[in-house]
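Listing of query-v1.cif; format and content: mmCIF, C-alpha atoms and all ligand atoms.
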data_structure
#
loop_
_atom_site.label_atom_id
_atom_site.label_comp_id
_atom_site.auth_asym_id
_atom_site.auth_seq_id
_atom_site.Cartn_x
_atom_site.Cartn_y
_atom_site.Cartn_z
CA MET A 1 171.68 -147.17 -73.10
CA ASP A 2 170.03 -150.22 -74.65
CA PRO A 3 172.68 -151.59 -77.06
CA ALA A 4 169.96 -152.17 -79.66
CA LEU A 5 169.56 -148.40 -79.83
CA ASP A 6 173.21 -147.90 -80.51
CA ARG A 7 173.82 -147.04 -84.16
CA PRO A 8 177.17 -147.83 -85.73
CA GLU A 9 178.85 -145.27 -87.89
CA VAL A 10 178.02 -145.80 -91.56
CA GLY A 11 179.76 -144.28 -94.53
CA LYS A 12 178.56 -141.40 -96.65
CA LYS A 13 177.50 -143.19 -99.84
CA TRP A 14 173.76 -143.53 -99.54
CA VAL A 15 170.87 -144.67 -101.68
CA ILE A 16 167.58 -143.21 -100.44
CA LYS A 17 164.33 -144.64 -101.74
CA ILE A 18 161.03 -142.81 -101.41
CA GLY A 19 157.90 -144.84 -102.07
CA SER A 20 154.79 -143.79 -103.98
CA SER A 21 152.60 -143.65 -100.87
CA LEU A 22 154.83 -140.98 -99.34
CA LEU A 23 155.22 -139.00 -102.51
CA MET A 24 151.53 -138.56 -103.10
CA ASN A 25 149.23 -136.42 -101.02
CA GLY A 26 145.62 -137.34 -100.30
CA MET A 27 144.53 -135.60 -103.51
CA GLY A 28 146.61 -137.88 -105.72
CA ARG A 29 149.15 -135.15 -106.45
CA LEU A 30 152.82 -134.91 -105.63
CA ALA A 31 153.27 -134.01 -101.95
CA GLU A 32 155.51 -131.04 -102.71
CA ASP A 33 155.86 -129.88 -99.11
CA ARG A 34 157.24 -133.26 -98.03
CA LEU A 35 159.46 -133.43 -101.06
CA ALA A 36 160.86 -130.03 -100.17
CA GLU A 37 161.71 -131.25 -96.67
CA TRP A 38 163.49 -134.38 -97.83
CA LEU A 39 165.38 -132.51 -100.52
CA THR A 40 166.46 -129.82 -98.04
CA GLN A 41 167.80 -132.51 -95.73
CA ILE A 42 169.54 -134.25 -98.63
CA GLN A 43 171.05 -130.98 -99.72
CA SER A 44 172.41 -130.39 -96.24
CA LEU A 45 174.05 -133.84 -96.25
CA LEU A 46 175.54 -133.20 -99.69
CA GLN A 47 177.13 -130.07 -98.27
CA GLN A 48 178.74 -132.31 -95.64
CA GLY A 49 180.33 -134.52 -98.28
CA TYR A 50 177.68 -137.23 -98.53
CA GLN A 51 177.12 -138.83 -101.92
CA ILE A 52 173.47 -139.62 -102.47
CA VAL A 53 171.44 -141.38 -105.13
CA LEU A 54 167.69 -140.98 -104.83
CA VAL A 55 165.35 -143.72 -106.01
CA SER A 56 161.93 -142.27 -106.58
CA SER A 57 158.71 -144.13 -107.29
CA GLY A 58 155.53 -142.38 -108.22
CA ALA A 59 155.56 -142.24 -112.02
CA ILE A 60 152.66 -144.61 -112.53
CA ALA A 61 150.54 -143.11 -109.75
CA VAL A 62 151.10 -139.52 -110.90
CA GLY A 63 150.58 -140.44 -114.57
CA ALA A 64 147.34 -142.28 -113.85
CA ARG A 65 146.06 -139.24 -112.04
CA ARG A 66 146.96 -136.97 -114.97
CA MET A 67 145.11 -139.31 -117.33
CA GLY A 68 142.05 -139.00 -115.12
CA TRP A 69 142.07 -142.69 -114.24
CA PRO A 70 140.58 -143.76 -110.92
CA GLY A 71 143.71 -145.47 -109.56
CA LYS A 72 146.89 -147.23 -110.64
CA PRO A 73 146.02 -149.26 -113.77
CA THR A 74 146.35 -153.03 -113.66
CA GLN A 75 146.87 -153.65 -117.40
CA LEU A 76 150.52 -153.60 -118.33
CA ALA A 77 150.04 -151.37 -121.40
CA ASP A 78 148.14 -148.82 -119.33
CA ARG A 79 150.83 -148.90 -116.62
CA GLN A 80 153.44 -148.23 -119.27
CA ALA A 81 151.43 -145.31 -120.62
CA ALA A 82 150.86 -143.93 -117.12
CA ALA A 83 154.59 -144.21 -116.36
CA SER A 84 155.45 -142.40 -119.54
CA VAL A 85 153.13 -139.52 -118.68
CA GLY A 86 153.98 -139.53 -114.98
CA GLN A 87 157.78 -139.73 -115.14
CA SER A 88 158.13 -136.28 -116.65
CA ILE A 89 155.65 -134.81 -114.18
CA LEU A 90 157.67 -136.40 -111.39
CA MET A 91 160.94 -134.94 -112.64
CA HIS A 92 159.31 -131.58 -113.18
CA GLY A 93 158.23 -131.69 -109.52
CA TYR A 94 161.79 -132.44 -108.38
CA GLU A 95 163.23 -129.69 -110.60
CA LYS A 96 160.72 -127.15 -109.36
CA ILE A 97 161.32 -127.92 -105.69
CA LEU A 98 165.09 -127.96 -106.04
CA HIS A 99 164.82 -124.58 -107.68
CA GLN A 100 162.74 -123.26 -104.79
CA ILE A 101 164.94 -124.56 -102.00
CA GLN A 102 168.18 -123.49 -103.58
CA ARG A 103 167.10 -119.87 -103.45
CA GLU A 104 166.69 -120.16 -99.72
CA ASN A 105 169.73 -122.29 -98.93
CA TYR A 106 173.13 -123.37 -100.16
CA ARG A 107 174.40 -123.51 -103.69
CA PRO A 108 172.30 -124.76 -106.60
CA LEU A 109 171.53 -128.44 -106.67
CA HIS A 110 170.58 -130.01 -109.98
CA CYS A 111 169.02 -133.38 -110.48
CA GLY A 112 169.44 -135.88 -113.30
CA GLN A 113 167.01 -138.56 -114.34
CA VAL A 114 168.35 -142.10 -114.63
CA LEU A 115 165.87 -144.72 -115.83
CA LEU A 116 167.07 -148.28 -115.46
CA THR A 117 165.75 -151.54 -116.79
CA HIS A 118 166.83 -154.97 -115.74
CA GLU A 119 169.26 -154.96 -118.70
CA GLU A 120 171.53 -152.40 -117.04
CA LEU A 121 171.58 -154.48 -113.92
CA ARG A 122 172.14 -157.90 -115.49
CA ASN A 123 174.52 -157.14 -118.35
CA ARG A 124 178.02 -156.41 -117.07
CA SER A 125 179.03 -153.87 -119.65
CA ARG A 126 175.79 -151.91 -119.30
CA TYR A 127 176.09 -152.31 -115.55
CA LEU A 128 179.42 -150.55 -115.61
CA ASN A 129 178.01 -147.86 -117.90
CA ALA A 130 175.25 -147.19 -115.40
CA ARG A 131 177.82 -147.01 -112.57
CA GLU A 132 179.82 -144.55 -114.59
CA THR A 133 176.75 -142.39 -115.17
CA LEU A 134 175.95 -142.26 -111.45
CA ARG A 135 179.57 -141.56 -110.60
CA THR A 136 179.84 -138.74 -113.13
CA LEU A 137 176.60 -137.09 -112.04
CA ILE A 138 177.74 -137.19 -108.43
CA GLU A 139 181.19 -135.87 -109.27
CA HIS A 140 179.43 -132.89 -110.87
CA GLY A 141 177.35 -132.35 -107.75
CA VAL A 142 174.14 -133.52 -109.43
CA LEU A 143 171.55 -135.56 -107.51
CA PRO A 144 170.72 -138.66 -109.58
CA ILE A 145 167.04 -139.56 -109.40
CA VAL A 146 166.56 -143.18 -110.40
CA ASN A 147 163.41 -145.02 -111.35
CA GLU A 148 162.65 -148.14 -113.31
CA ASN A 149 161.98 -147.39 -116.96
CA ASP A 150 158.40 -148.55 -116.53
CA ALA A 151 157.29 -147.14 -119.90
CA ILE A 152 159.21 -149.91 -121.69
CA SER A 153 159.55 -152.61 -119.02
CA HIS A 154 157.37 -155.57 -119.83
CA ARG A 155 156.39 -158.26 -117.39
CA ALA A 156 159.14 -160.75 -118.22
CA ILE A 157 161.89 -158.28 -117.45
CA GLN A 158 160.24 -156.08 -114.86
CA LEU A 159 162.00 -155.48 -111.57
CA GLY A 160 158.55 -154.56 -110.34
CA ASP A 161 159.07 -152.72 -107.12
CA ASN A 162 161.41 -149.93 -106.27
CA ASP A 163 162.65 -151.59 -103.07
CA THR A 164 164.32 -154.19 -105.28
CA LEU A 165 165.48 -151.50 -107.69
CA ALA A 166 166.98 -149.48 -104.83
CA ALA A 167 168.84 -152.56 -103.52
CA LEU A 168 170.24 -153.25 -106.99
CA VAL A 169 171.34 -149.62 -107.25
CA ALA A 170 173.02 -149.99 -103.85
CA ASN A 171 174.89 -153.05 -105.22
CA LEU A 172 175.74 -151.26 -108.44
CA TRP A 173 177.15 -148.27 -106.66
CA ASP A 174 178.62 -149.99 -103.57
CA ALA A 175 176.57 -147.81 -101.26
CA ASP A 176 177.29 -147.87 -97.55
CA LEU A 177 173.66 -147.40 -96.61
CA LEU A 178 170.26 -147.95 -98.20
CA VAL A 179 167.48 -145.88 -96.64
CA LEU A 180 163.98 -147.11 -97.44
CA LEU A 181 161.53 -144.37 -96.52
CA THR A 182 158.02 -145.63 -96.04
CA ASP A 183 154.90 -144.67 -94.12
CA GLN A 184 155.63 -147.20 -91.36
CA ARG A 185 157.99 -146.91 -88.44
CA GLY A 186 159.89 -150.10 -89.35
CA LEU A 187 159.69 -153.75 -88.31
CA TYR A 188 158.07 -155.38 -85.28
CA ASP A 189 158.53 -158.94 -84.09
CA ALA A 190 154.76 -159.44 -84.18
CA ASP A 191 151.77 -157.49 -85.38
CA PRO A 192 151.26 -154.71 -82.81
CA ARG A 193 147.61 -154.41 -83.83
CA THR A 194 146.93 -157.91 -82.51
CA HIS A 195 149.89 -158.33 -80.12
CA PRO A 196 150.06 -155.41 -77.69
CA ASP A 197 153.41 -156.71 -76.42
CA ALA A 198 154.98 -156.70 -79.90
CA GLN A 199 158.53 -155.42 -79.77
CA PHE A 200 159.92 -152.98 -82.27
CA ILE A 201 163.04 -154.33 -84.01
CA HIS A 202 165.66 -151.61 -83.80
CA ARG A 203 168.49 -153.62 -85.19
CA ALA A 204 168.93 -157.01 -86.84
CA ARG A 205 171.11 -158.73 -89.40
CA ALA A 206 170.03 -158.29 -93.02
CA GLY A 207 169.04 -161.65 -94.46
CA GLU A 208 168.07 -163.25 -91.11
CA ALA A 209 165.57 -165.97 -91.95
CA ARG A 210 163.14 -164.99 -89.19
CA LEU A 211 162.59 -161.55 -90.73
CA GLU A 212 161.37 -162.95 -94.01
CA ARG A 213 159.30 -165.52 -92.17
CA LEU A 214 157.64 -162.79 -90.14
CA ALA A 215 157.13 -160.57 -93.15
CA GLY A 216 155.94 -163.47 -95.32
CA SER A 217 153.43 -164.75 -92.77
CA GLY A 218 151.37 -161.66 -93.55
CA GLY A 219 150.49 -159.15 -90.90
CA SER A 220 153.09 -160.16 -88.34
CA LEU A 221 155.05 -157.09 -89.32
CA VAL A 222 153.37 -153.76 -89.67
CA GLY A 223 152.56 -152.85 -93.22
CA THR A 224 151.39 -154.70 -96.25
CA GLY A 225 153.33 -156.99 -98.57
CA GLY A 226 155.60 -153.96 -98.84
CA MET A 227 157.54 -155.00 -95.76
CA LEU A 228 158.48 -158.35 -97.27
CA ALA A 229 159.86 -156.55 -100.31
CA LYS A 230 161.87 -154.31 -97.98
CA VAL A 231 163.27 -157.17 -95.94
CA LYS A 232 164.27 -158.92 -99.16
CA ALA A 233 165.77 -155.72 -100.53
CA ALA A 234 167.90 -155.41 -97.37
CA ALA A 235 169.19 -158.96 -97.87
CA ARG A 236 170.04 -158.15 -101.47
CA ALA A 237 171.75 -154.88 -100.54
CA ALA A 238 173.82 -156.72 -97.94
CA ARG A 239 175.50 -158.69 -100.74
CA SER A 240 177.49 -155.58 -101.59
CA GLY A 241 178.06 -154.83 -97.91
CA THR A 242 175.26 -152.23 -97.82
CA SER A 243 173.24 -151.96 -94.59
CA THR A 244 169.61 -150.87 -94.77
CA ILE A 245 167.44 -148.64 -92.60
CA ILE A 246 163.67 -148.87 -92.97
CA ALA A 247 162.17 -145.72 -91.53
CA ASN A 248 159.10 -143.56 -91.55
CA GLY A 249 159.59 -140.76 -94.06
CA LEU A 250 156.99 -138.66 -92.26
CA GLU A 251 159.06 -138.40 -89.08
CA ASP A 252 160.61 -135.03 -88.46
CA ARG A 253 164.12 -134.59 -89.98
CA VAL A 254 164.32 -138.32 -90.50
CA ILE A 255 167.22 -138.25 -92.98
CA LEU A 256 169.36 -135.95 -90.84
CA ARG A 257 168.63 -137.98 -87.74
CA ILE A 258 169.76 -141.15 -89.47
CA ALA A 259 172.99 -139.34 -90.39
CA ASN A 260 173.36 -138.35 -86.71
CA GLN A 261 173.23 -142.04 -85.80
CA GLU A 262 169.96 -141.64 -83.92
CA ALA A 263 167.96 -144.84 -83.41
CA VAL A 264 165.42 -144.12 -86.15
CA GLY A 265 163.58 -147.00 -87.83
CA THR A 266 164.91 -150.53 -88.17
CA LEU A 267 168.55 -151.05 -89.06
CA LEU A 268 169.26 -154.25 -91.00
CA GLU A 269 172.99 -154.65 -90.95
CA ALA A 270 175.15 -156.21 -93.63
CA LYS A 271 177.56 -158.83 -92.30
CA ILE A 272 180.52 -157.69 -94.31
CA PRO A 273 181.70 -154.16 -95.05
CA VAL A 274 181.42 -152.69 -98.54
CA LEU A 275 185.08 -153.02 -99.45
CA ALA A 276 185.29 -156.65 -98.42
CA ALA A 277 182.13 -157.38 -100.41
CA ARG A 278 183.52 -155.67 -103.48
CA LYS A 279 186.77 -157.52 -103.13
CA ARG A 280 184.93 -160.80 -102.88
CA TRP A 281 182.79 -159.93 -105.90
CA LEU A 282 185.81 -159.03 -107.98
CA SER A 283 187.80 -162.07 -107.00
CA ASP A 284 184.92 -164.60 -107.12
CA GLN A 285 183.00 -163.64 -110.18
CA LEU A 286 185.47 -162.82 -112.83
CA ARG A 287 188.35 -164.38 -114.66
CA VAL A 288 191.49 -162.37 -115.26
CA GLN A 289 191.70 -161.55 -118.97
CA GLY A 290 194.97 -159.67 -119.21
CA GLU A 291 197.86 -157.95 -117.53
CA LEU A 292 198.99 -154.36 -117.29
CA HIS A 293 202.63 -153.88 -116.36
CA LEU A 294 203.15 -150.67 -114.44
CA ASP A 295 206.11 -148.40 -113.99
CA ALA A 296 207.47 -147.88 -110.50
CA GLY A 297 205.55 -144.64 -109.84
CA ALA A 298 202.16 -146.06 -110.83
CA ALA A 299 202.87 -149.28 -108.95
CA ALA A 300 203.63 -147.32 -105.77
CA ALA A 301 200.47 -145.21 -106.15
CA VAL A 302 198.32 -148.31 -106.57
CA ASP A 303 200.09 -150.34 -103.92
CA GLU A 304 200.22 -147.65 -101.25
CA GLU A 305 197.13 -145.54 -101.88
CA GLY A 306 194.83 -147.72 -103.99
CA ALA A 307 194.88 -144.91 -106.59
CA SER A 308 193.16 -145.12 -109.99
CA LEU A 309 195.47 -146.38 -112.71
CA LEU A 310 196.27 -143.77 -115.35
CA LEU A 311 197.35 -144.35 -118.92
CA PHE A 312 200.88 -143.00 -118.50
CA GLY A 313 201.65 -145.50 -115.72
CA VAL A 314 201.49 -148.51 -118.05
CA ARG A 315 204.75 -149.87 -119.50
CA ALA A 316 203.38 -152.95 -121.23
CA GLN A 317 200.16 -154.90 -121.69
CA GLN A 318 199.23 -158.50 -122.34
CA GLY A 319 196.04 -160.24 -123.37
CA ALA A 320 193.08 -159.54 -125.64
CA PHE A 321 190.93 -158.09 -122.87
CA ARG A 322 187.77 -156.14 -123.56
CA ARG A 323 186.34 -153.12 -121.85
CA SER A 324 185.07 -154.02 -118.32
CA ASP A 325 187.17 -157.19 -118.16
CA LEU A 326 189.19 -157.98 -115.08
CA VAL A 327 192.93 -157.44 -115.52
CA SER A 328 195.94 -157.85 -113.23
CA ARG A 329 198.35 -155.08 -112.52
CA ILE A 330 201.92 -156.16 -112.31
CA ASP A 331 204.67 -154.12 -110.68
CA PRO A 332 208.19 -153.78 -112.18
CA THR A 333 209.39 -156.84 -110.21
CA GLY A 334 206.70 -159.03 -111.83
CA ARG A 335 204.48 -159.22 -108.73
CA GLU A 336 200.67 -158.86 -109.04
CA ILE A 337 199.72 -155.91 -106.84
CA ALA A 338 196.07 -155.41 -107.78
CA ARG A 339 193.21 -156.44 -110.03
CA GLY A 340 190.58 -154.25 -111.53
CA LEU A 341 188.04 -153.66 -114.27
CA VAL A 342 189.63 -151.98 -117.24
CA THR A 343 187.89 -149.11 -119.05
CA LEU A 344 189.38 -149.73 -122.54
CA ASP A 345 189.75 -152.80 -124.68
CA ALA A 346 193.28 -154.00 -125.43
CA ARG A 347 193.47 -152.58 -128.96
CA LEU A 348 192.29 -149.14 -128.00
CA LEU A 349 194.70 -149.13 -125.08
CA GLU A 350 197.53 -150.04 -127.44
CA HIS A 351 196.51 -147.20 -129.73
CA CYS A 352 196.35 -144.68 -126.89
CA ARG A 353 199.72 -145.77 -125.54
CA ALA A 354 201.23 -145.32 -129.00
CA GLN A 355 199.70 -141.82 -129.20
CA LEU A 356 201.11 -140.98 -125.79
CA ALA A 357 204.57 -142.28 -126.75
CA ALA A 358 204.49 -140.15 -129.92
CA GLY A 359 203.60 -137.07 -127.87
CA GLU A 360 200.15 -136.80 -129.48
CA GLU A 361 197.00 -135.58 -127.81
CA VAL A 362 195.15 -138.49 -126.12
CA SER A 363 191.41 -138.39 -125.61
CA ALA A 364 190.41 -137.63 -122.01
CA ASP A 365 188.26 -140.78 -122.05
CA CYS A 366 191.44 -142.86 -122.27
CA ARG A 367 193.31 -141.38 -119.35
CA ILE A 368 191.87 -143.45 -116.50
CA LEU A 369 192.38 -147.15 -117.18
CA ILE A 370 191.04 -148.53 -113.93
CA HIS A 371 188.97 -146.44 -111.59
CA ARG A 372 189.95 -146.77 -107.93
CA ASP A 373 186.43 -148.03 -107.09
CA ASP A 374 186.92 -150.92 -109.48
CA LEU A 375 190.23 -152.17 -108.12
CA VAL A 376 191.19 -154.56 -105.41
CA ARG A 377 194.69 -154.73 -104.04
CA SER A 378 196.17 -158.19 -103.98
CA ARG A 379 197.28 -158.23 -100.39
N1 LIG A 401 158.48 -147.61 -110.59
C1 LIG A 401 157.14 -147.44 -110.14
C2 LIG A 401 156.66 -146.02 -110.38
O1 LIG A 401 157.45 -145.11 -110.52
C3 LIG A 401 156.96 -147.71 -108.68
C4 LIG A 401 157.28 -149.08 -108.19
C5 LIG A 401 157.04 -149.16 -106.68
O2 LIG A 401 156.12 -148.49 -106.19
O3 LIG A 401 157.78 -149.84 -105.99
O4 LIG A 401 155.49 -145.76 -110.37
#

What is this structure when it is put down as structure tokens?
Ligand code: GLU
Amino acid sequence: MDPALDRPEVGKKWVIKIGSSLLMNGMGRLAEDRLAEWLTQIQSLLQQGYQIVLVSSGAIAVGARRMGWPGKPTQLADRQAAASVGQSILMHGYEKILHQIQRENYRPLHCGQVLLTHEELRNRSRYLNARETLRTLIEHGVLPIVNENDAISHRAIQLGDNDTLAALVANLWDADLLVLLTDQRGLYDADPRTHPDAQFIHRARAGEARLERLAGSGGSLVGTGGMLAKVKAAARAARSGTSTIIANGLEDRVILRIANQEAVGTLLEAKIPVLAARKRWLSDQLRVQGELHLDAGAAAAVDEEGASLLLFGVRAQQGAFRRSDLVSRIDPTGREIARGLVTLDARLLEHCRAQLAAGEEVSADCRILIHRDDLVRSR
């Protein structure tokens, strides 16, 4: 088999982005039949242990239609108004379809709306809050449906397109794979409309300069400016070790076929795996603000299994760290065994430890001090 058609195994944490053009039917309404197909496929993957975040566009387009406007508005204030009207219609559509498909298949699947602005993605504390929200929804078996909060995003802070948003969500959540569903098959090395010998790109490295050059030169890749945004999104996603597949959402069972490692669409691979990227991010970006000294049991759990650190494993603490700061974990021999982002500030941790020592009830929010996803072992 052509090695380009070979698809490596990817993990089960996926961000799937569906663009406005796919979500709308020719009448300017939500394409409910397509939505039902994608959601059925997603539901089947969730049953197999996949963790999926959906990024859905469409609010502005659907809202404009409801307002009786001829197309997507160009004025910012009108776009905000359209998004405000359209976002609830969009979510209503998702709710309705999930309700329909769950009667026919599987156990109930609920969805939760998560609207992000660039603040959540730039500010570290809000960033971690957003991560926590996604994590909690997924732990409860809820499908998070993310969009930009277009009703309040103004030009200076707008992310603008949902390809970028989806890549940032992939970074935020350390996804293994970003799936960008579009109405094109993927990338070609030249415009097949003018170059009959244009080759389809099955597989390339995310961030390769030639891809942006091709996309940026206009028309050398199939699609509109949209392909450049997708190529850039793949490069961005690759920073957290996330690979990207750009594929045609109208192809039969496209999501399931990607999961089966079939050569669907264009795969843009990240150079480094997710864990290595996270480790690099944690060790490069942040200064250590404190130390947590662990008892032998907690140290062994962290050292051997990379387990989350729980309140009762801490013997002593040092430093005036704040929530979301990077702290070291020290084992009973004084050796640093891991680093991670702490969920409580130093004073609250002290208070909770005192409560624990006195045998008092400790709030459930204080029990996990460092989530396993936010820790890197030191060796
Ligand atoms: N967030 C926009 C919306 O929901 C879509 C942006 C895009 O199409 O990329 O309408």

Check which residues fall inside 10 Å of ligand LIG 401 (chain A) when counting all atoms listed in the file, and print them as number ranges by chain.
A: 17-21, 55-64, 72, 79-80, 82-84, 86-87, 90, 115-116, 146-151, 153, 158-166, 226, 229

Please build the interface table for segment 110-156 of chain A against segment 311-331 of chain A with a cut-off of 10 Å, listing for each qualifying residue the nearest atom pair and the distance in Å to one decimal; count only C-alpha atoms, order rows by chain and increasing number, and write it as JSON lines.
{"residue": "A:Arg124", "atom": "CA", "partner": "A:Ser324", "partner_atom": "CA", "distance": 7.5}
{"residue": "A:Ser125", "atom": "CA", "partner": "A:Ser324", "partner_atom": "CA", "distance": 6.2}
{"residue": "A:Arg126", "atom": "CA", "partner": "A:Ser324", "partner_atom": "CA", "distance": 9.6}
{"residue": "A:Tyr127", "atom": "CA", "partner": "A:Ser324", "partner_atom": "CA", "distance": 9.6}
{"residue": "A:Leu128", "atom": "CA", "partner": "A:Ser324", "partner_atom": "CA", "distance": 7.2}
{"residue": "A:Asn129", "atom": "CA", "partner": "A:Ser324", "partner_atom": "CA", "distance": 9.4}

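Between Thr74 of chain A and the candidates A:Arg155, A:Arg205, A:Arg107, A:Arg7, the tightest atom-to-atom separation, counting all atoms listed in the file, involves A:Arg155.
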
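Considering only C-alpha atoms, the residue among A:Thr194, A:His99, A:Ile258, A:His154 positioned nearest to His118 of chain A is A:His154.
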
Name the closest residue to Glu291 of chain A among the candidates A:Gly340, A:Glu262, A:Leu275, A:Ile255; distances are taken between atoms, counting only C-alpha atoms.
A:Gly340

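Minimum atom-to-atom distances from A:Ser378, A:Gln261, A:Asn248, A:Thr40 to Val302 of chain A were compared using all atoms listed in the file, and the lowest value belongs to A:Ser378.
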
Excluding Asp176 of chain A and any residue of its chain fewer than 2 positions from it, enumerate the residues within 10 Å of it, using only C-alpha atoms, and give them as number ranges by chain.
A: 10-15, 170-171, 173-174, 178, 237-238, 240-244, 270, 273-275

Residues from the last selection, C-alpha atoms, saved as a PDB file, keeping the file's coordinate frame:
ATOM      1  CA  VAL A  10     178.020-145.800 -91.560  1.00  0.00           C
ATOM      2  CA  GLY A  11     179.760-144.280 -94.530  1.00  0.00           C
ATOM      3  CA  LYS A  12     178.560-141.400 -96.650  1.00  0.00           C
ATOM      4  CA  LYS A  13     177.500-143.190 -99.840  1.00  0.00           C
ATOM      5  CA  TRP A  14     173.760-143.530 -99.540  1.00  0.00           C
ATOM      6  CA  VAL A  15     170.870-144.670-101.680  1.00  0.00           C
ATOM      7  CA  ALA A 170     173.020-149.990-103.850  1.00  0.00           C
ATOM      8  CA  ASN A 171     174.890-153.050-105.220  1.00  0.00           C
ATOM      9  CA  TRP A 173     177.150-148.270-106.660  1.00  0.00           C
ATOM     10  CA  ASP A 174     178.620-149.990-103.570  1.00  0.00           C
ATOM     11  CA  LEU A 178     170.260-147.950 -98.200  1.00  0.00           C
ATOM     12  CA  ALA A 237     171.750-154.880-100.540  1.00  0.00           C
ATOM     13  CA  ALA A 238     173.820-156.720 -97.940  1.00  0.00           C
ATOM     14  CA  SER A 240     177.490-155.580-101.590  1.00  0.00           C
ATOM     15  CA  GLY A 241     178.060-154.830 -97.910  1.00  0.00           C
ATOM     16  CA  THR A 242     175.260-152.230 -97.820  1.00  0.00           C
ATOM     17  CA  SER A 243     173.240-151.960 -94.590  1.00  0.00           C
ATOM     18  CA  THR A 244     169.610-150.870 -94.770  1.00  0.00           C
ATOM     19  CA  ALA A 270     175.150-156.210 -93.630  1.00  0.00           C
ATOM     20  CA  PRO A 273     181.700-154.160 -95.050  1.00  0.00           C
ATOM     21  CA  VAL A 274     181.420-152.690 -98.540  1.00  0.00           C
ATOM     22  CA  LEU A 275     185.080-153.020 -99.450  1.00  0.00           C
TER      23      LEU A 275
END

Dump as number ranges by chain all residues having an atom at most 12 Å from (150.4, -138.9, -95.6), computed in the file's coordinates with all atoms listed in the file.
A: 19-35, 182-184, 248-251

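Straight-line separation from atom CA of Ala277 of chain A to atom CA of Ala263 of chain A: 25.4 Å.
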
Report, in Å with one decimal, the straight-line distance from atom CA of Ala36 of chain A to atom CA of Arg253 of chain A.
11.6 Å

Could you pull out every residue with an atom within 7 Å of (173.7, -149.6, -111.1), file coordinates, counting only C-alpha atoms, and send them as a compact mmCIF listing (two decimals) with C-alpha atoms, in the frame of the given file?
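Output file out_24.txt is given in full below:
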# COMPACT_ATOMS: atom_id res chain seq x y z
CA GLU A 120 171.53 -152.40 -117.04
CA LEU A 121 171.58 -154.48 -113.92
CA TYR A 127 176.09 -152.31 -115.55
CA ALA A 130 175.25 -147.19 -115.40
CA ARG A 131 177.82 -147.01 -112.57
CA LEU A 168 170.24 -153.25 -106.99
CA VAL A 169 171.34 -149.62 -107.25
CA ASN A 171 174.89 -153.05 -105.22
CA LEU A 172 175.74 -151.26 -108.44
CA TRP A 173 177.15 -148.27 -106.66

May I have the residues within 6 Å of Gly265 of chain A as number ranges by chain, using all atoms listed in the file and disregarding those fewer than 4 positions away in the same chain?
A: 185-186, 246-247
